[in-house]
Each structure stands twice: as C-alpha cells, then as structure tokens.
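Data block for query_17.pdb (PDB, C-alpha atoms):
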```
ATOM      1  CA  SER Q   1     -60.871  63.160 125.813
ATOM      2  CA  TRP Q   2     -60.320  62.296 122.165
ATOM      3  CA  MET Q   3     -58.615  63.704 119.102
ATOM      4  CA  VAL Q   4     -58.280  63.168 115.386
ATOM      5  CA  ALA Q   5     -55.351  64.402 113.292
ATOM      6  CA  GLY Q   6     -53.907  63.944 109.855
ATOM      7  CA  GLU Q   7     -51.242  65.392 107.632
ATOM      8  CA  TYR Q   8     -50.087  65.173 104.049
ATOM      9  CA  THR Q   9     -46.604  66.149 102.911
ATOM     10  CA  THR Q  10     -45.022  65.964  99.474
ATOM     11  CA  ARG Q  11     -41.259  65.679  99.103
ATOM     12  CA  ALA Q  12     -38.581  66.876  96.711
ATOM     13  CA  PRO Q  13     -37.923  66.863  93.774
ATOM     14  CA  ALA Q  14     -41.440  68.231  93.142
ATOM     15  CA  ARG Q  15     -41.720  71.863  92.063
ATOM     16  CA  HIS Q  16     -44.416  72.394  94.712
ATOM     17  CA  ARG Q  17     -43.911  70.718  98.081
ATOM     18  CA  TYR Q  18     -47.093  70.809 100.132
ATOM     19  CA  ASP Q  19     -47.453  70.445 103.879
ATOM     20  CA  ILE Q  20     -51.145  70.220 104.814
ATOM     21  CA  GLY Q  21     -52.764  69.041 108.005
ATOM     22  CA  LEU Q  22     -55.557  69.266 110.514
ATOM     23  CA  SER Q  23     -56.349  68.263 114.059
ATOM     24  CA  TYR Q  24     -59.409  68.427 116.262
ATOM     25  CA  SER Q  25     -59.705  67.427 119.869
ATOM     26  CA  THR Q  26     -62.054  67.735 122.751
ATOM     27  CA  GLN Q  27     -61.516  67.379 126.455
ATOM     28  CA  ARG Q  28     -64.393  66.726 128.824
ATOM     29  CA  TYR Q  29     -63.921  67.706 132.444
ATOM     30  CA  GLU Q  30     -65.803  65.825 135.123
ATOM     31  CA  GLY Q  31     -63.584  66.635 138.108
ATOM     32  CA  GLY Q  32     -64.556  68.540 141.212
ATOM     33  CA  ASN Q  33     -62.136  71.474 141.057
ATOM     34  CA  PHE Q  34     -64.441  74.497 141.225
ATOM     35  CA  ALA Q  35     -61.797  76.903 139.900
ATOM     36  CA  THR Q  36     -61.493  74.809 136.758
ATOM     37  CA  LEU Q  37     -65.243  74.380 136.380
ATOM     38  CA  HIS Q  38     -65.532  78.168 136.362
ATOM     39  CA  ASP Q  39     -63.509  78.275 133.117
ATOM     40  CA  VAL Q  40     -65.139  75.195 131.528
ATOM     41  CA  THR Q  41     -68.671  76.445 131.092
ATOM     42  CA  ASP Q  42     -70.252  73.514 129.209
ATOM     43  CA  GLY Q  43     -68.072  70.794 130.763
ATOM     44  CA  SER Q  44     -65.670  70.443 127.839
ATOM     45  CA  ARG Q  45     -62.981  72.202 125.852
ATOM     46  CA  ASN Q  46     -62.682  71.986 122.071
ATOM     47  CA  ALA Q  47     -59.753  72.889 119.865
ATOM     48  CA  GLY Q  48     -59.122  72.536 116.170
ATOM     49  CA  ALA Q  49     -56.450  73.605 113.713
ATOM     50  CA  ILE Q  50     -55.892  73.404 109.992
ATOM     51  CA  TYR Q  51     -52.768  74.444 108.128
ATOM     52  CA  ALA Q  52     -51.437  74.563 104.590
ATOM     53  CA  PHE Q  53     -47.975  75.555 103.369
ATOM     54  CA  ASP Q  54     -46.444  75.402  99.914
ATOM     55  CA  THR Q  55     -42.733  75.495  99.131
ATOM     56  CA  PHE Q  56     -42.575  76.575  95.506
ATOM     57  CA  SER Q  57     -39.307  76.178  93.585
ATOM     58  CA  VAL Q  58     -39.650  79.126  91.210
ATOM     59  CA  SER Q  59     -36.250  78.305  89.720
ATOM     60  CA  PRO Q  60     -33.208  76.288  90.878
ATOM     61  CA  SER Q  61     -31.948  79.393  92.675
ATOM     62  CA  LEU Q  62     -35.238  80.811  94.030
ATOM     63  CA  THR Q  63     -37.634  79.169  96.503
ATOM     64  CA  LEU Q  64     -40.801  80.695  97.971
ATOM     65  CA  THR Q  65     -42.584  79.213 100.998
ATOM     66  CA  TYR Q  66     -45.976  80.574 102.014
ATOM     67  CA  GLY Q  67     -49.023  79.494 103.945
ATOM     68  CA  THR Q  68     -51.003  79.851 107.114
ATOM     69  CA  ARG Q  69     -52.318  78.026 110.136
ATOM     70  CA  TYR Q  70     -55.861  78.640 111.382
ATOM     71  CA  ALA Q  71     -56.764  77.467 114.883
ATOM     72  CA  ARG Q  72     -59.898  77.724 116.989
ATOM     73  CA  TYR Q  73     -60.008  77.320 120.777
ATOM     74  CA  ASP Q  74     -63.458  77.615 122.315
ATOM     75  CA  TYR Q  75     -62.088  78.791 125.663
ATOM     76  CA  LEU Q  76     -60.556  82.018 124.256
ATOM     77  CA  ASP Q  77     -62.526  85.265 124.021
ATOM     78  CA  GLY Q  78     -61.190  85.723 120.486
ATOM     79  CA  ALA Q  79     -61.466  82.030 119.640
ATOM     80  CA  SER Q  80     -59.935  82.138 116.133
ATOM     81  CA  LEU Q  81     -56.173  82.447 115.667
ATOM     82  CA  VAL Q  82     -54.457  82.958 112.307
ATOM     83  CA  SER Q  83     -50.697  82.459 111.876
ATOM     84  CA  PRO Q  84     -49.399  83.328 108.378
ATOM     85  CA  ARG Q  85     -45.803  82.805 107.204
ATOM     86  CA  VAL Q  86     -43.852  83.672 104.051
ATOM     87  CA  ALA Q  87     -40.187  82.930 103.303
ATOM     88  CA  LEU Q  88     -37.948  83.516 100.294
ATOM     89  CA  THR Q  89     -34.579  81.851  99.671
ATOM     90  CA  MET Q  90     -32.270  83.034  96.894
ATOM     91  CA  ALA Q  91     -29.106  81.155  95.893
ATOM     92  CA  PRO Q  92     -27.354  83.188  93.179
ATOM     93  CA  THR Q  93     -24.372  80.771  93.279
ATOM     94  CA  ASN Q  94     -23.954  77.169  94.434
ATOM     95  CA  HIS Q  95     -22.250  78.204  97.677
ATOM     96  CA  PHE Q  96     -24.105  81.387  98.655
ATOM     97  CA  ARG Q  97     -27.684  81.789  99.986
ATOM     98  CA  VAL Q  98     -29.832  84.661 101.227
ATOM     99  CA  SER Q  99     -33.018  83.786 103.113
ATOM    100  CA  THR Q 100     -35.779  86.019 104.445
ATOM    101  CA  MET Q 101     -38.836  85.163 106.499
ATOM    102  CA  LEU Q 102     -41.841  87.063 107.864
ATOM    103  CA  SER Q 103     -44.356  85.426 110.161
ATOM    104  CA  SER Q 104     -47.041  86.182 112.663
ATOM    105  CA  ARG Q 105     -47.911  83.491 115.186
ATOM    106  CA  ALA Q 106     -50.814  83.296 117.593
ATOM    107  CA  THR Q 107     -50.797  80.666 120.350
ATOM    108  CA  ALA Q 108     -53.470  79.866 122.915
ATOM    109  CA  PRO Q 109     -52.586  79.125 126.539
ATOM    110  CA  GLY Q 110     -52.751  75.358 127.011
ATOM    111  CA  ALA Q 111     -52.755  74.701 123.250
ATOM    112  CA  GLU Q 112     -50.093  72.013 123.579
ATOM    113  CA  GLU Q 113     -52.592  69.926 125.586
ATOM    114  CA  PHE Q 114     -54.689  69.550 122.432
ATOM    115  CA  MET Q 115     -51.941  68.891 119.879
ATOM    116  CA  PRO Q 116     -50.608  65.421 119.078
ATOM    117  CA  ARG Q 117     -46.993  64.649 119.822
ATOM    118  CA  ILE Q 118     -46.312  62.693 116.639
ATOM    119  CA  GLU Q 119     -42.555  62.479 117.135
ATOM    120  CA  SER Q 120     -43.012  60.534 120.366
ATOM    121  CA  GLY Q 121     -45.226  57.785 118.915
ATOM    122  CA  ILE Q 122     -48.395  57.064 120.870
ATOM    123  CA  TRP Q 123     -50.118  60.131 122.275
ATOM    124  CA  LEU Q 124     -52.767  60.136 124.979
ATOM    125  CA  PRO Q 125     -55.058  63.114 125.542
ATOM    126  CA  PRO Q 126     -54.641  64.972 128.853
ATOM    127  CA  GLN Q 127     -56.564  63.774 131.868
ATOM    128  CA  ARG Q 128     -56.655  67.206 133.506
ATOM    129  CA  THR Q 129     -57.766  70.609 132.385
ATOM    130  CA  PHE Q 130     -56.548  74.075 133.323
ATOM    131  CA  SER Q 131     -57.887  77.466 134.337
ATOM    132  CA  SER Q 132     -56.760  81.055 134.640
ATOM    133  CA  LEU Q 133     -54.681  81.915 137.694
ATOM    134  CA  VAL Q 134     -56.788  85.013 138.315
ATOM    135  CA  GLU Q 135     -60.528  84.413 138.710
ATOM    136  CA  GLY Q 136     -62.632  86.418 136.264
ATOM    137  CA  ARG Q 137     -59.714  87.056 133.937
ATOM    138  CA  PRO Q 138     -60.174  85.323 130.568
ATOM    139  CA  PHE Q 139     -57.470  83.571 128.567
ATOM    140  CA  ASP Q 140     -55.798  85.651 125.850
ATOM    141  CA  ALA Q 141     -53.693  84.450 122.963
ATOM    142  CA  GLU Q 142     -49.981  85.158 122.808
ATOM    143  CA  ARG Q 143     -49.020  86.834 119.535
ATOM    144  CA  THR Q 144     -45.534  87.015 118.052
ATOM    145  CA  THR Q 145     -44.324  88.859 114.954
ATOM    146  CA  HIS Q 146     -41.079  87.560 113.518
ATOM    147  CA  ALA Q 147     -38.826  88.841 110.727
ATOM    148  CA  GLU Q 148     -35.385  87.588 109.793
ATOM    149  CA  VAL Q 149     -32.716  87.834 107.115
ATOM    150  CA  GLU Q 150     -29.958  85.241 106.889
ATOM    151  CA  VAL Q 151     -26.847  85.069 104.690
ATOM    152  CA  GLU Q 152     -24.892  81.806 104.326
ATOM    153  CA  ARG Q 153     -21.636  81.008 102.551
ATOM    154  CA  GLU Q 154     -20.300  77.494 102.058
ATOM    155  CA  ALA Q 155     -16.537  76.912 101.876
ATOM    156  CA  ARG Q 156     -15.467  73.293 101.529
ATOM    157  CA  ALA Q 157     -16.986  71.389 104.468
ATOM    158  CA  THR Q 158     -17.892  74.524 106.474
ATOM    159  CA  THR Q 159     -20.886  76.817 106.282
ATOM    160  CA  THR Q 160     -20.630  80.282 107.800
ATOM    161  CA  GLY Q 161     -23.513  82.612 108.157
ATOM    162  CA  SER Q 162     -24.956  85.637 109.832
ATOM    163  CA  PHE Q 163     -28.495  86.742 110.432
ATOM    164  CA  ALA Q 164     -30.604  89.615 111.667
ATOM    165  CA  LEU Q 165     -33.729  88.869 113.664
ATOM    166  CA  TYR Q 166     -36.676  90.949 114.846
ATOM    167  CA  ARG Q 167     -39.259  89.522 117.218
ATOM    168  CA  ASN Q 168     -42.129  91.333 118.876
ATOM    169  CA  ALA Q 169     -44.239  89.409 121.377
ATOM    170  CA  GLY Q 170     -47.615  90.391 122.759
ATOM    171  CA  GLY Q 171     -48.600  88.324 125.726
ATOM    172  CA  SER Q 172     -51.217  86.471 127.546
ATOM    173  CA  ARG Q 173     -52.646  87.757 130.806
ATOM    174  CA  THR Q 174     -53.118  84.342 132.422
TER
END
```

For the file at hand, write its structure as structure tokens.
Amino acid sequence: SWMVAGEYTTRAPARHRYDIGLSYSTQRYEGGNFATLHDVTDGSRNAGAIYAFDTFSVSPSLTLTYGTRYARYDYLDGASLVSPRVALTMAPTNHFRVSTMLSSRATAPGAEEFMPRIESGIWLPPQRTFSSLVEGRPFDAERTTHAEVEVEREARATTTGSFALYRNAGGSRT
C-alpha cells in the first residue's frame, strides 16, 4: 500500500483564503480471504480525491465560502463522488452574526482507509482490505444533504446562539 497527499492553505488577513488539496492511494491485496478477493477484482484498490474551497471576504461584514470535493473509488459502481458546499456569513453589527450553509456530501464505504490522518502525525496505509457483507451486493456511496441557518449574539464574554438544521441521508447497502 502507498499514498501521496498534499494541501495548500492561505490564512487571514487575505481577501481570498484558499484551501486546496489532493490525495491518491492504492492498496494491493495478496491475502487468501476468498470473500475479499471477490470484491478486489484486479488485486488492488485505488482511491483519489481533490478538493478546492475559497473563503471570500466580500466585505468586513459578509463572507462567502464555496467549493467542492471530487473523489474517485474504483471499487464503487458509481466510482465518482462530488461533494459541493456553499456557506454565507453576514455580520451586520460587531456582536451579531447570521450564517447559512448548504452542502451535499458523498462518502464511500471504507474511504477512511485511504485518507491520511494528518492530525496524528505519521500515517501508515492499511494492511487489510474489506468486502461487502452480502456476496454479490456491490458497495454504494452514502449521500447526505445538509442545510443550516445559525444566529449568534455576543454579549460581553458570552456568545448565545440558535440554529436550524436539516439533514437527509441516503445510505449504503453494505
């Protein structure tokens, strides 16, 4: 198994703050588990992702964040997954904010096996692979649609807020 990953992030006070990255990994399976070999047709699994997000400070009181993540997992029937996100934050006064966000996320079963765990330092690729619990049933992506509105008010050292959230999840059959 091996992987390559990189990311680039710009920080404030820039008007545009970019968060861009990519990763690609492959996992070769040479074990003797026949159930797993059934799902690994060419002896390996490949996964790659690329993402780009921009946080644009339109004005001191208005910020727009937008972007998407594109991922490809060769073991899915629909191998390409797109996960867009857009968020808007308005601060009409110094102590009052309204934030909104809309996103759609698609995740592959076992995707975390291919992603680096940067926060934990050194990351080693997995030594095992995985297969569907039900023979003959392919992996499907899990899809989630998310919408939220949040209102925050600062008063001295305390921030109070309330939010409304909508989440719709479509699942995997594995």

Got a sec to resolve the PyMOL selection byres ((chain Q and resi 55) around 7) on this structure and send the residues as a list in words?
-> His16, Arg17, Tyr18, Phe53, Asp54, Phe56, Ser57, Thr63, Leu64, Thr65 and Tyr66 of chain Q

Would you write out, as an NGL selection string, every residue that the PyMOL selection byres ((chain Q and resi 27) around 7) captures in this file?
-> :Q and (1-2 or 25-26 or 28-29 or 44-46)

Report as a list in words the residues that result from applying the PyMOL selection byres ((chain Q and resi 104) around 8) to the structure here.
-> Ser83, Pro84, Arg85, Leu102, Ser103, Arg105, Ala106, Arg143, Thr144, Thr145 and His146 of chain Q

Mind giving me the straight-line distance from CA of Arg11 in chain Q to CA of Ala52 in chain Q in Å, one decimal?
-> 14.6 Å

Atomic separation - CA of Leu88 in chain Q relative to CA of Thr10 in chain Q, Å |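 One can read the CA of Thr10 in chain Q to CA of Leu88 in chain Q distance as 18.9 Å.
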
Shell around Asn94 in chain Q at 9 Å using all atoms listed in the file, local window under 3 positions removed, as a compact mmCIF listing (two decimals) with C-alpha atoms, in the coordinates of the input:
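File around_37.txt, as written:
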```txt
# COMPACT_ATOMS: atom_id res chain seq x y z
CA SER Q 61 -31.95 79.39 92.68
CA ALA Q 91 -29.11 81.16 95.89
CA ARG Q 97 -27.68 81.79 99.99
CA GLU Q 154 -20.30 77.49 102.06
```

Hey, can you check how far CA of Val134 in chain Q sits from CA of Pro109 in chain Q?
->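 So the two atoms, CA of Val134 in chain Q and CA of Pro109 in chain Q, lie 13.8 Å apart.
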
Q:Pro92, Q:Gly78, Q:Pro60, Q:Gly110 ranked by distance to Ala14 in chain Q, top pick (using all atoms listed in the file) | Q:Pro60

Counting all atoms listed in the file, the option among Q:Ala87, Q:Leu22, Q:Ala147, Q:Ala108 closest to Arg69 in chain Q | Q:Leu22

With only C-alpha atoms counted, which protein, DNA or RNA residues have an atom no more than 8 Å from (-58.2, 68.2, 114.1) in the file frame? Please answer as a PyMOL selection string.
-> chain Q and resi 3-6+22-25+47-50

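For the set Q:Gly67, Q:Thr93, Q:Pro13, Q:Val149, the residue with the smallest atom-to-atom gap to Phe163 in chain Q is Q:Val149, counting all atoms listed in the file.
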
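You can rank Q:Asp77, Q:Glu135, Q:Glu7, Q:Glu148 by their closest distance to Ser99 in chain Q using only C-alpha atoms, and at the top of that list sits Q:Glu148.
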
Select, from Q:Ala111, Q:Leu76, Q:Val82, Q:Val151, the residue with the minimum atom-to-atom distance to Val98 in chain Q, counting all atoms listed in the file.
->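 The shortest atom-to-atom distance to Val98 in chain Q comes from Q:Val151.
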
Generate the missing atoms of range 143-156 of chain Q up to N, CA and C atoms and report them as a tab-separated table (two decimals), in the coordinates of the input.
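Produced file rebuild_14.tsv, reproduced below:
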```
chain	number	residue	atom	x	y	z
Q	143	ARG	N	-49.28	86.53	120.94
Q	143	ARG	CA	-49.02	86.83	119.54
Q	143	ARG	C	-47.57	87.27	119.37
Q	144	THR	N	-46.93	86.72	118.33
Q	144	THR	CA	-45.53	87.02	118.05
Q	144	THR	C	-45.38	87.38	116.59
Q	145	THR	N	-44.68	88.47	116.32
Q	145	THR	CA	-44.32	88.86	114.95
Q	145	THR	C	-42.84	88.62	114.80
Q	146	HIS	N	-42.46	88.00	113.70
Q	146	HIS	CA	-41.08	87.56	113.52
Q	146	HIS	C	-40.61	87.93	112.11
Q	147	ALA	N	-39.44	88.52	112.01
Q	147	ALA	CA	-38.83	88.84	110.73
Q	147	ALA	C	-37.34	88.51	110.82
Q	148	GLU	N	-36.82	87.91	109.78
Q	148	GLU	CA	-35.38	87.59	109.79
Q	148	GLU	C	-34.80	87.61	108.39
Q	149	VAL	N	-33.52	87.89	108.34
Q	149	VAL	CA	-32.72	87.83	107.12
Q	149	VAL	C	-31.46	87.05	107.47
Q	150	GLU	N	-31.11	86.08	106.63
Q	150	GLU	CA	-29.96	85.24	106.89
Q	150	GLU	C	-29.11	85.13	105.62
Q	151	VAL	N	-27.80	85.21	105.79
Q	151	VAL	CA	-26.85	85.07	104.69
Q	151	VAL	C	-25.92	83.92	105.04
Q	152	GLU	N	-25.76	82.97	104.10
Q	152	GLU	CA	-24.89	81.81	104.33
Q	152	GLU	C	-23.90	81.66	103.18
Q	153	ARG	N	-22.70	81.24	103.54
Q	153	ARG	CA	-21.64	81.01	102.55
Q	153	ARG	C	-20.99	79.67	102.88
Q	154	GLU	N	-20.94	78.79	101.89
Q	154	GLU	CA	-20.30	77.49	102.06
Q	154	GLU	C	-18.88	77.56	101.52
Q	155	ALA	N	-17.94	77.01	102.29
Q	155	ALA	CA	-16.54	76.91	101.88
Q	155	ALA	C	-16.04	75.53	102.28
Q	156	ARG	N	-15.86	74.69	101.32
Q	156	ARG	CA	-15.47	73.29	101.53
Q	156	ARG	C	-16.48	72.61	102.43
```
